[in-house]
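Peer 1: Pasting a structure below so you can have a look.
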Amino acid sequence: MRRFAVIAVACAAVYFLAIPFAFRGSPYILSVLTNAAIAAVISSGVWLTFAIGRINIAQGAFCMIGGYATAVLTTRYGVPFWICLPLSGLAAAAFGALIGWPLLRLKGVYFSMISLSLTEAVRLAFLNGGKLTNEASGIVGIPGPGAVSIAGIELIPAFDGSSPLPFYYLSALLLAGTLLALWRIMNCRIGWVFRSLRLNEELASSMGVNVAAYRVLAFSLSSFIGGVGGSFYAVYQQNIYPASYTVTDSMNYMLYCFLGGLDYVLGALVGAFTLVLSFELLHALQTYQTLIYAGIMILAMLLLPNGIISFPMFHGGRAASRGGGR
Amino acid sequence: MEDLLGAISLQTLVNGLVTGSIYALIALGLTLIFGIMRVVNFAHGQMYMLGAFAVYYLYAEAKFNYVLALVLAIVLVGIVGYLFEVLLFRRVMRVATREENTMLLAMGTAILLENGALLAFGEKQRGVPPLIDGVLRIGEAYLPYSRLLVTVLALLLVAVLILFVRYTRTGRAMRALAQDREAACLQGVNVDRLSALGFAIGAALAGAAGGLLVTVFAINSGAGTAVSVKAFTMIMLGGAGVIAGAILGGLTLGFAEAIGYEAFPGSITYLIIFIGLILFLIVRPQGILGKPER
Amino acid sequence: MSANLRSWFRPLLAMGAAALLVGAGSASAEDNVLKIGVLGVMSGPAASWGLVNKYCAETTAQWMNEKGGVQIGGKKYKIEIVAIDDKNDPKLAVSGAERLTQQDGIKYIIGPNVDTTATSIRPVVEKAGAMHFPYAFQRSLYTPPASNAVLGMIASYQAGPIIYKYLKEKKGVKSIAFVARNESDPLNQRTEGVQAAQALGLTISTSKDTYEPGTTDFFPVMTKVVKTKPDLIVLSGVAPADAPLLIKAGRELGFTGIFSTETAQDSKILAQVAGDKADGFISVGGASTPAIRSAYMEEFVQRYTKHVGEWNDEAGTKVYALEIILATLQRNPKAMGNIAEFKKTMPAFDMPNPFVKDPIKLKYTGTKYFQQPRQIGVPMVVNEFRGGTFQTLFVGAVEDK
């Protein structure tokens with residue numbers, strides 16, 4: 001435990017101090033890392049749904065809801081971003097709870113396939129949203145987060161876009177916060193209930209667990225995280241369109257978790273950073289980029305079917321056997 | 001509501017039947033693969049696309065006879081399916097601890113096929129001259145002969161598959177495998193051989209649909225994803241792993257589309273279809289003819 | 001969860017190394033290379049839009065590099081095209097624009113192709129002091145306070161009124177229907193088209209019908225449109241892949257009127273998929289009909305075909321971007337690193353149009369629409385499809401004032 005805390009602090013030092021310093025002349029690289037960090041946040045939500053035994057390919061829908069919530073609140077009602085952020089998460093979570101209650105009764109590939117349709121359905125809903133969502137044209141010109149000051153002392157400076165650092169740090173903090181929250185959840189009673197659901201829902205139910213309620217809780221938390229991620233993107237890119245989150249995006253978020261390793265809280269982080277960075281690196285091979293990406297995915301499934309973290313290197317040589325039964 | 005009823009004209013019904021028959025063919029292939037291997041073939045739409053391109057190059061460019069081109073295309077895509085199963089899926093299924101890994105692998109194969117096609121075939125839309133020209137009039141409705149032909153051929157292939165699955169030994173073994181894997185193994189069914197064959201046939205059916213439709217519509221290398229999403233919708237509706245379910249799902253979606261486009265503005269149609277699907281699945285998660293989850 | 005202390009540093013190191021490699025990707029400034037960016041949709045169903053941009057730029061660049069490069073301000077520069085596929089995803093367009101402007105230090109980007117991606121990169125290019133040449137028609141991109149974008153082709157709302165007027169006067173068209181692809185660009189085009197039609201006094205028989213991108217079966221949507229019996233069906237913002245199928249469906253449903261569109265189309269696809277059903281189809285081209293091509297254009301066509309394997313008529317409109325950018329830079333070499341200079345040069349700039357036989361001038365137009373010259377003055381070539389190829393109906397120009 002102590003060892004892990006030391007590693008965590010070391011990583012944080014590298015990410016928060018060393019990297020921004022090393023790349024201070026290349027704002028583009030910092031923006032790639034920002035993208036990777038937020039992708040990791042969003043994927044961590046998907047990870048949480050997996051923790052109760054569902055493959056969630058609907059995260060794009062919740063990013064969309066969170067993003068539009070922030071967009072509408074900031075552009076039309078002038079609500080400060082810092083309030084929009086949690087509100088967007090709540091909006092997404094509310095929808096997640098509503099739609100999750102009935103849908104989570106499905107399991108396995110059935111749930112996955114219906115979640116895929118959910119992403120499309122939400123996209124179409126926003127495409128036909130009339131004046132509220134501005135339909136196909138989307139909402140542009142979303143202002144960056146404003147300054148936060150208490151008693152005249154500026155705690156957070158305004159994000160005026162002159163430097164990539166504010167968003168970089170914000171994404172890193174969101175990621176750290178999400179991982180911490182996830183770790184705490186999984187290591188307290190709720191987490192053990194989730195694990196029991198993943199292993200055998202009937203058994204858990206027979207032990208008196210309110211299966212339906214816990215499922216919805218997990219899904220809502222996952223949606224909350226998705227909404228927060230969408231909210232971030234809305235102010236980071238300063239726009240949102242129905243085209244912003246498609247089936248492909250939902251699939252990607254799920255992919256990052258899978259590749260990293262579904263058995264570990266850090267799985268989403270590892271997967272997201274690996275794939276986002278490798279996609280950038282492959283840019284030099286322009287036309288073959290996606291082809292190689294696909295090749296990597298297939299090879300990973302053949303050679304590392306339980307994700308990157310399952311690779312013995314990460315366990316000091318010990319093979320992992322994490323109790324995820326068939 | 002009145003709008004909805006008014007929308008059901010003869011033309012709409014004809015459109016629905018044509019679309020539905022093709023959809024049934026596509027759904028059939030997907031459900032076969034799912035039934036036998038519990039794998040959702042994410043690359044199904046891309047296999048459809050491959051079949052279409054194969055027919056394009058053989059029939060329109062190399063000037064083969066159409067039927068020959070179609071048969072060759074079907075065989076070609078079938079071989080692709082066979083190779084995927086033997087080289088990729090079989091290995092992953094042995095090593096993985098959860099069945100969703102195969103879903104991820106399938107996604108990888110989908111991206112591979114789509115981008116491989118873009119590199120190999122280029123970005124342009126391709127079409128072939130119609131097999132027969134001319135339009136049949138049924139009352140107020142128009143039915144081009146080319147569409148009629150494609151519908152008939154599709155239904156023919158569906159019938160052939162049903163006969164295969166009901167009356168041949170291999171076909172019955174596949175059904176047994178889909179119904180109860182353990183019991184089938186106990187009966188001495190060769191799982192490996194059947195899985196490979198099942199995947200090949202499933203892929204071939206997708207390729208056949210592509211090869212037929214390229215004569216009516218056209219094809220480009222990016223057409224796969226949209227077809228896959230529709231295919232999933234169909235089998236969720238009709239019941240995954242059940243052949244009759246696939247046909248029912250395909251026809252239902254075909255008619256729903258035709259009526260929907262007629263009654264509602266374009267983009268609302270699919271929104272309504274998805275909402276309808278979600279509501280339906282809440283009530284009956286296994287689809288119309290599917291088996292309830294154990 | 002136990003973890004070996006040392007074993008955690010390895011992946012971190014790997015990630016750090018990866019990031020460094022990304023950084024190293026940006027080439028150290030070699031003196032005689034001018035990088036021009038292309039950002040557009042290069043995969044999926046709309047792949048031809050962005051790919052044609054890329055191929056045109058690459059063909060022109062290769063041609064010039066063969067001659068030793070482009071002479072700008074006393075030095076010869078080799079042109080390097082850096083292309084990024086945004087897959088029509090605004091998020092990828094933004095990161096692509098960031099990469100081009102920050103990593104590669106590019107000041108001039110050709111693309112993107114649709115409203116959503118073009119508007120999404122506006123903050124990025126403005127911040128980086130770069131200019132982009134989109135093929136999206138949304139006016140807000142080109143009207144003040146925006147000033148970093150230059151429209152690369154004729155906008156639908158410029159061609160539409162002229163085409164409808166021609167058809168009203170020459171072919172007796174009285175009623176008009178619109179079918180639009182369900183995306184921002186085409187929907188805007190339809191709105192503008194409807195306004196133009198109303199201004200001309202045409203009856204609008206239907207204008208609500210749309211289809212989803214990715215549709216292949218157009219019978220359902222065309223059934224509705226054909227039922228209203230218009231004289232003219234306008235295909236708003238349809239992709240070259242969709243047009244032949246829409247036309248075929250319409251004809252099979254008994255429509256005998258005229259089809260038209262205000263986007264560029266490809267004759268080979270029309271011939272293959274629709275055949276003679278597409279005869280009479282009216283579209284907007286750039287310079288590629290044989291009747292008006294110059295020898296320079298002929299050679300470009302040959303080089304493009306050699307580079308890509310096959311000609312695409314869409315290139316008729318997209319061939320202008322790189323040529324005019326380079327010519328403007330030659331006129332004012334200070335603009336190479338400073339777009340304010342480029343903007344200063346634009347209003348008075350003109351050059352002989354190299355791609356058409358007639359000695360017309362190529363300049364930056366659009367002031368009538370955008371209050372500033374933010375459009376490449378591509379000649380408005382209105383084509384009619386007949387017997388497998390495009391025939392030039394007439395050549396107009398965008399009204400300037």
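Quick note on naming: the chains in the structure tokens go A, B, ... in the order shown, residues restart at 1 in each chain, and ligands are numbered from 1 in order of appearance.
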Compile the contact shell of range 388-400 of chain C as a list in words: residues with an atom at most 8 Å away, counting only C-alpha atoms, same-chain residues fewer than 6 positions apart removed.

Peer 2: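 The contact residues come out as Ile154, Gln158, Ala159, Ser267, Lys268, Leu270, Ala271, Gly275, Asp276, Thr289, Ala291, Ile292, Thr365, Gly366, Thr367, Lys368, Gly377, Val378, Pro379, Met380, Val381 and Val382 of chain C.
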
Peer 1: Could you work out which residues of chain B fall inside 10 Å of chain C? Count only C-alpha atoms, and format the result as a PyMOL selection string.

Peer 2: chain B and resi 7+11-12+15-16+19+60+114-115+118-119+122-130+133-137+141-145+213-227+257-270

Peer 1: Do you know which residues are at most 7 Å from Ile156 in chain A counting only C-alpha atoms, after dropping those on the same chain fewer than 4 positions away, and could you put them as a ChimeraX atom specification?

Peer 2: /A:147-149

Peer 1: Counting only C-alpha atoms, what are the residues of chain A within 8 Å of chain B, and for each of them which pair of atoms is the nearest and at what distance in Å, to one decimal? Sort the table by chain and rising number, as a tab-separated table.

Peer 2:
```
residue	atom	partner	partner_atom	distance
A:Ile55	CA	B:Glu100	CA	7.7
A:Pro102	CA	B:Ile282	CA	5.7
A:Leu103	CA	B:Ile282	CA	6.3
A:Arg105	CA	B:Ile282	CA	7.9
A:Leu106	CA	B:Pro285	CA	6.3
A:Lys107	CA	B:Glu293	CA	7.9
A:Gly108	CA	B:Glu100	CA	7.8
A:Val109	CA	B:Glu100	CA	7.4
A:Tyr110	CA	B:Met236	CA	7.3
A:Met113	CA	B:Phe232	CA	6.7
A:Ile114	CA	B:Ile278	CA	7.2
A:Ser117	CA	B:Phe274	CA	6.7
A:Leu118	CA	B:Phe274	CA	7.6
A:Ala121	CA	B:Leu271	CA	5.5
A:Leu124	CA	B:Leu271	CA	5.8
A:Ala125	CA	B:Leu271	CA	6.7
A:Asn128	CA	B:Ile268	CA	7.1
A:Leu255	CA	B:Leu104	CA	7.2
A:Phe258	CA	B:Leu104	CA	7.9
A:Thr287	CA	B:Leu119	CA	7.9
A:Thr290	CA	B:Asn115	CA	6.7
A:Leu291	CA	B:Leu112	CA	5.6
A:Ala294	CA	B:Gly108	CA	5.0
A:Gly295	CA	B:Leu112	CA	6.9
A:Met297	CA	B:Gly108	CA	5.6
A:Ile298	CA	B:Gly108	CA	5.5
A:Met301	CA	B:Leu105	CA	6.0
A:Leu302	CA	B:Val92	CA	5.5
A:Pro305	CA	B:Ala96	CA	5.5
A:Asn306	CA	B:Ala96	CA	6.8
A:Gly324	CA	B:Thr97	CA	7.0
A:Gly325	CA	B:Thr97	CA	6.6
A:Arg326	CA	B:Arg98	CA	5.3
```

Peer 1: Determine, counting only C-alpha atoms, which protein, DNA and RNA residues have an atom within 12 Å of an atom of Leu194 in chain B; residues of the same chain fewer than 6 positions away are not included. Present the result as a PyMOL selection string.

Peer 2: chain B and resi 32-33+35-37+82+85-86+90+169-178+181+184-185+188+200-202

Peer 1: Would you export the selected residues with N, CA and C atoms as a PDB file, in the first residue's frame, please?

Peer 2:
```
ATOM      1  N   LEU B  32     -26.698 -16.503 -37.586  1.00  0.00           N
ATOM      2  CA  LEU B  32     -26.057 -17.809 -37.695  1.00  0.00           C
ATOM      3  C   LEU B  32     -24.747 -17.829 -36.914  1.00  0.00           C
ATOM      4  N   ILE B  33     -23.929 -16.790 -37.173  1.00  0.00           N
ATOM      5  CA  ILE B  33     -22.648 -16.689 -36.490  1.00  0.00           C
ATOM      6  C   ILE B  33     -22.861 -16.551 -34.983  1.00  0.00           C
ATOM      7  N   GLY B  35     -25.481 -17.487 -33.237  1.00  0.00           N
ATOM      8  CA  GLY B  35     -26.069 -18.699 -32.672  1.00  0.00           C
ATOM      9  C   GLY B  35     -25.027 -19.777 -32.415  1.00  0.00           C
ATOM     10  N   ILE B  36     -24.127 -19.956 -33.379  1.00  0.00           N
ATOM     11  CA  ILE B  36     -23.157 -21.039 -33.257  1.00  0.00           C
ATOM     12  C   ILE B  36     -22.006 -20.672 -32.343  1.00  0.00           C
ATOM     13  N   MET B  37     -21.557 -19.436 -32.437  1.00  0.00           N
ATOM     14  CA  MET B  37     -20.331 -19.098 -31.723  1.00  0.00           C
ATOM     15  C   MET B  37     -20.515 -18.072 -30.619  1.00  0.00           C
ATOM     16  N   TYR B  82     -14.182 -17.756 -43.067  1.00  0.00           N
ATOM     17  CA  TYR B  82     -13.533 -18.981 -42.606  1.00  0.00           C
ATOM     18  C   TYR B  82     -12.158 -18.670 -42.018  1.00  0.00           C
ATOM     19  N   GLU B  85     -12.303 -16.997 -38.631  1.00  0.00           N
ATOM     20  CA  GLU B  85     -12.629 -17.900 -37.534  1.00  0.00           C
ATOM     21  C   GLU B  85     -11.411 -18.747 -37.161  1.00  0.00           C
ATOM     22  N   VAL B  86     -10.808 -19.347 -38.159  1.00  0.00           N
ATOM     23  CA  VAL B  86      -9.720 -20.281 -37.894  1.00  0.00           C
ATOM     24  C   VAL B  86      -8.482 -19.576 -37.336  1.00  0.00           C
ATOM     25  N   ARG B  90     -10.877 -18.401 -33.181  1.00  0.00           N
ATOM     26  CA  ARG B  90     -10.668 -19.658 -32.463  1.00  0.00           C
ATOM     27  C   ARG B  90      -9.620 -19.489 -31.378  1.00  0.00           C
ATOM     28  N   ARG B 169     -27.294 -32.946 -42.477  1.00  0.00           N
ATOM     29  CA  ARG B 169     -26.692 -33.335 -41.205  1.00  0.00           C
ATOM     30  C   ARG B 169     -25.923 -32.185 -40.591  1.00  0.00           C
ATOM     31  N   THR B 170     -25.115 -31.532 -41.453  1.00  0.00           N
ATOM     32  CA  THR B 170     -24.310 -30.416 -40.957  1.00  0.00           C
ATOM     33  C   THR B 170     -25.207 -29.312 -40.413  1.00  0.00           C
ATOM     34  N   GLY B 171     -26.255 -29.049 -41.179  1.00  0.00           N
ATOM     35  CA  GLY B 171     -27.161 -27.995 -40.772  1.00  0.00           C
ATOM     36  C   GLY B 171     -27.798 -28.291 -39.433  1.00  0.00           C
ATOM     37  N   ARG B 172     -28.208 -29.533 -39.273  1.00  0.00           N
ATOM     38  CA  ARG B 172     -28.853 -29.900 -38.008  1.00  0.00           C
ATOM     39  C   ARG B 172     -27.845 -29.838 -36.865  1.00  0.00           C
ATOM     40  N   ALA B 173     -26.620 -30.218 -37.164  1.00  0.00           N
ATOM     41  CA  ALA B 173     -25.584 -30.138 -36.125  1.00  0.00           C
ATOM     42  C   ALA B 173     -25.397 -28.692 -35.688  1.00  0.00           C
ATOM     43  N   MET B 174     -25.459 -27.765 -36.662  1.00  0.00           N
ATOM     44  CA  MET B 174     -25.312 -26.352 -36.325  1.00  0.00           C
ATOM     45  C   MET B 174     -26.446 -25.900 -35.425  1.00  0.00           C
ATOM     46  N   ARG B 175     -27.647 -26.335 -35.751  1.00  0.00           N
ATOM     47  CA  ARG B 175     -28.791 -25.946 -34.927  1.00  0.00           C
ATOM     48  C   ARG B 175     -28.627 -26.483 -33.524  1.00  0.00           C
ATOM     49  N   ALA B 176     -28.150 -27.727 -33.457  1.00  0.00           N
ATOM     50  CA  ALA B 176     -27.941 -28.332 -32.138  1.00  0.00           C
ATOM     51  C   ALA B 176     -26.933 -27.524 -31.346  1.00  0.00           C
ATOM     52  N   LEU B 177     -25.864 -27.139 -32.024  1.00  0.00           N
ATOM     53  CA  LEU B 177     -24.822 -26.369 -31.366  1.00  0.00           C
ATOM     54  C   LEU B 177     -25.377 -25.036 -30.855  1.00  0.00           C
ATOM     55  N   ALA B 178     -26.235 -24.427 -31.673  1.00  0.00           N
ATOM     56  CA  ALA B 178     -26.800 -23.143 -31.272  1.00  0.00           C
ATOM     57  C   ALA B 178     -27.759 -23.289 -30.107  1.00  0.00           C
ATOM     58  N   ARG B 181     -24.934 -25.911 -26.465  1.00  0.00           N
ATOM     59  CA  ARG B 181     -23.564 -26.233 -26.832  1.00  0.00           C
ATOM     60  C   ARG B 181     -23.063 -27.513 -26.163  1.00  0.00           C
ATOM     61  N   ALA B 184     -24.649 -30.680 -27.449  1.00  0.00           N
ATOM     62  CA  ALA B 184     -24.174 -30.992 -28.798  1.00  0.00           C
ATOM     63  C   ALA B 184     -22.790 -31.613 -28.747  1.00  0.00           C
ATOM     64  N   CYS B 185     -21.925 -31.054 -27.882  1.00  0.00           N
ATOM     65  CA  CYS B 185     -20.578 -31.626 -27.757  1.00  0.00           C
ATOM     66  C   CYS B 185     -20.650 -33.066 -27.288  1.00  0.00           C
ATOM     67  N   GLY B 188     -21.030 -35.555 -29.787  1.00  0.00           N
ATOM     68  CA  GLY B 188     -19.925 -35.806 -30.703  1.00  0.00           C
ATOM     69  C   GLY B 188     -19.827 -34.837 -31.859  1.00  0.00           C
ATOM     70  N   ALA B 200     -18.141 -19.084 -41.946  1.00  0.00           N
ATOM     71  CA  ALA B 200     -18.015 -18.935 -43.391  1.00  0.00           C
ATOM     72  C   ALA B 200     -19.371 -18.709 -44.049  1.00  0.00           C
ATOM     73  N   ILE B 201     -20.355 -19.492 -43.639  1.00  0.00           N
ATOM     74  CA  ILE B 201     -21.677 -19.335 -44.245  1.00  0.00           C
ATOM     75  C   ILE B 201     -22.284 -17.991 -43.879  1.00  0.00           C
ATOM     76  N   GLY B 202     -22.143 -17.621 -42.604  1.00  0.00           N
ATOM     77  CA  GLY B 202     -22.675 -16.324 -42.171  1.00  0.00           C
ATOM     78  C   GLY B 202     -22.085 -15.185 -42.983  1.00  0.00           C
TER      79      GLY B 202
END
```

Peer 1: Which one of A:Leu90, A:Ile240, A:Ala12, A:Ile38 sits closest to Asn134 in chain A if you count only C-alpha atoms?

Peer 2: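 Among the listed residues, A:Ile240 lies closest to Asn134 in chain A.
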
Peer 1: List every residue of range 110-149 of chain A that DSSP, applied to the backbone of this structure, places in strand (DSSP E or B), and write the result as a VMD selection string.

Peer 2: chain A and resid 139 to 140 148 to 149

Peer 1: I'd like the contact shell of Val150 in chain C - 7 Å cut-off, only C-alpha atoms, skipping same-chain residues fewer than 2 positions apart - returned as a PyMOL selection string.

Peer 2: chain C and resi 132-134+142+148+152+374-376

Peer 1: Kindly export the residues of the current selection with C-alpha atoms, as a tab-separated table (two decimals), in the first residue's frame.

Peer 2:
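Result saved to selection10.tsv:
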```tsv
chain	number	residue	atom	x	y	z
C	132	HIS	CA	-7.93	27.82	-43.85
C	133	PHE	CA	-9.74	27.20	-47.12
C	134	PRO	CA	-12.89	25.25	-46.31
C	142	TYR	CA	-16.45	34.08	-43.95
C	148	ASN	CA	-9.31	33.58	-41.47
C	152	GLY	CA	-12.73	27.23	-51.89
C	374	ARG	CA	-13.17	35.58	-48.71
C	375	GLN	CA	-13.83	33.25	-51.59
C	376	ILE	CA	-11.77	31.82	-54.41
```

Peer 1: Rounded to one decimal, what separation in Å do you get between CA of Ile288 in chain B and CA of Leu237 in chain B?

Peer 2: 6.2 Å
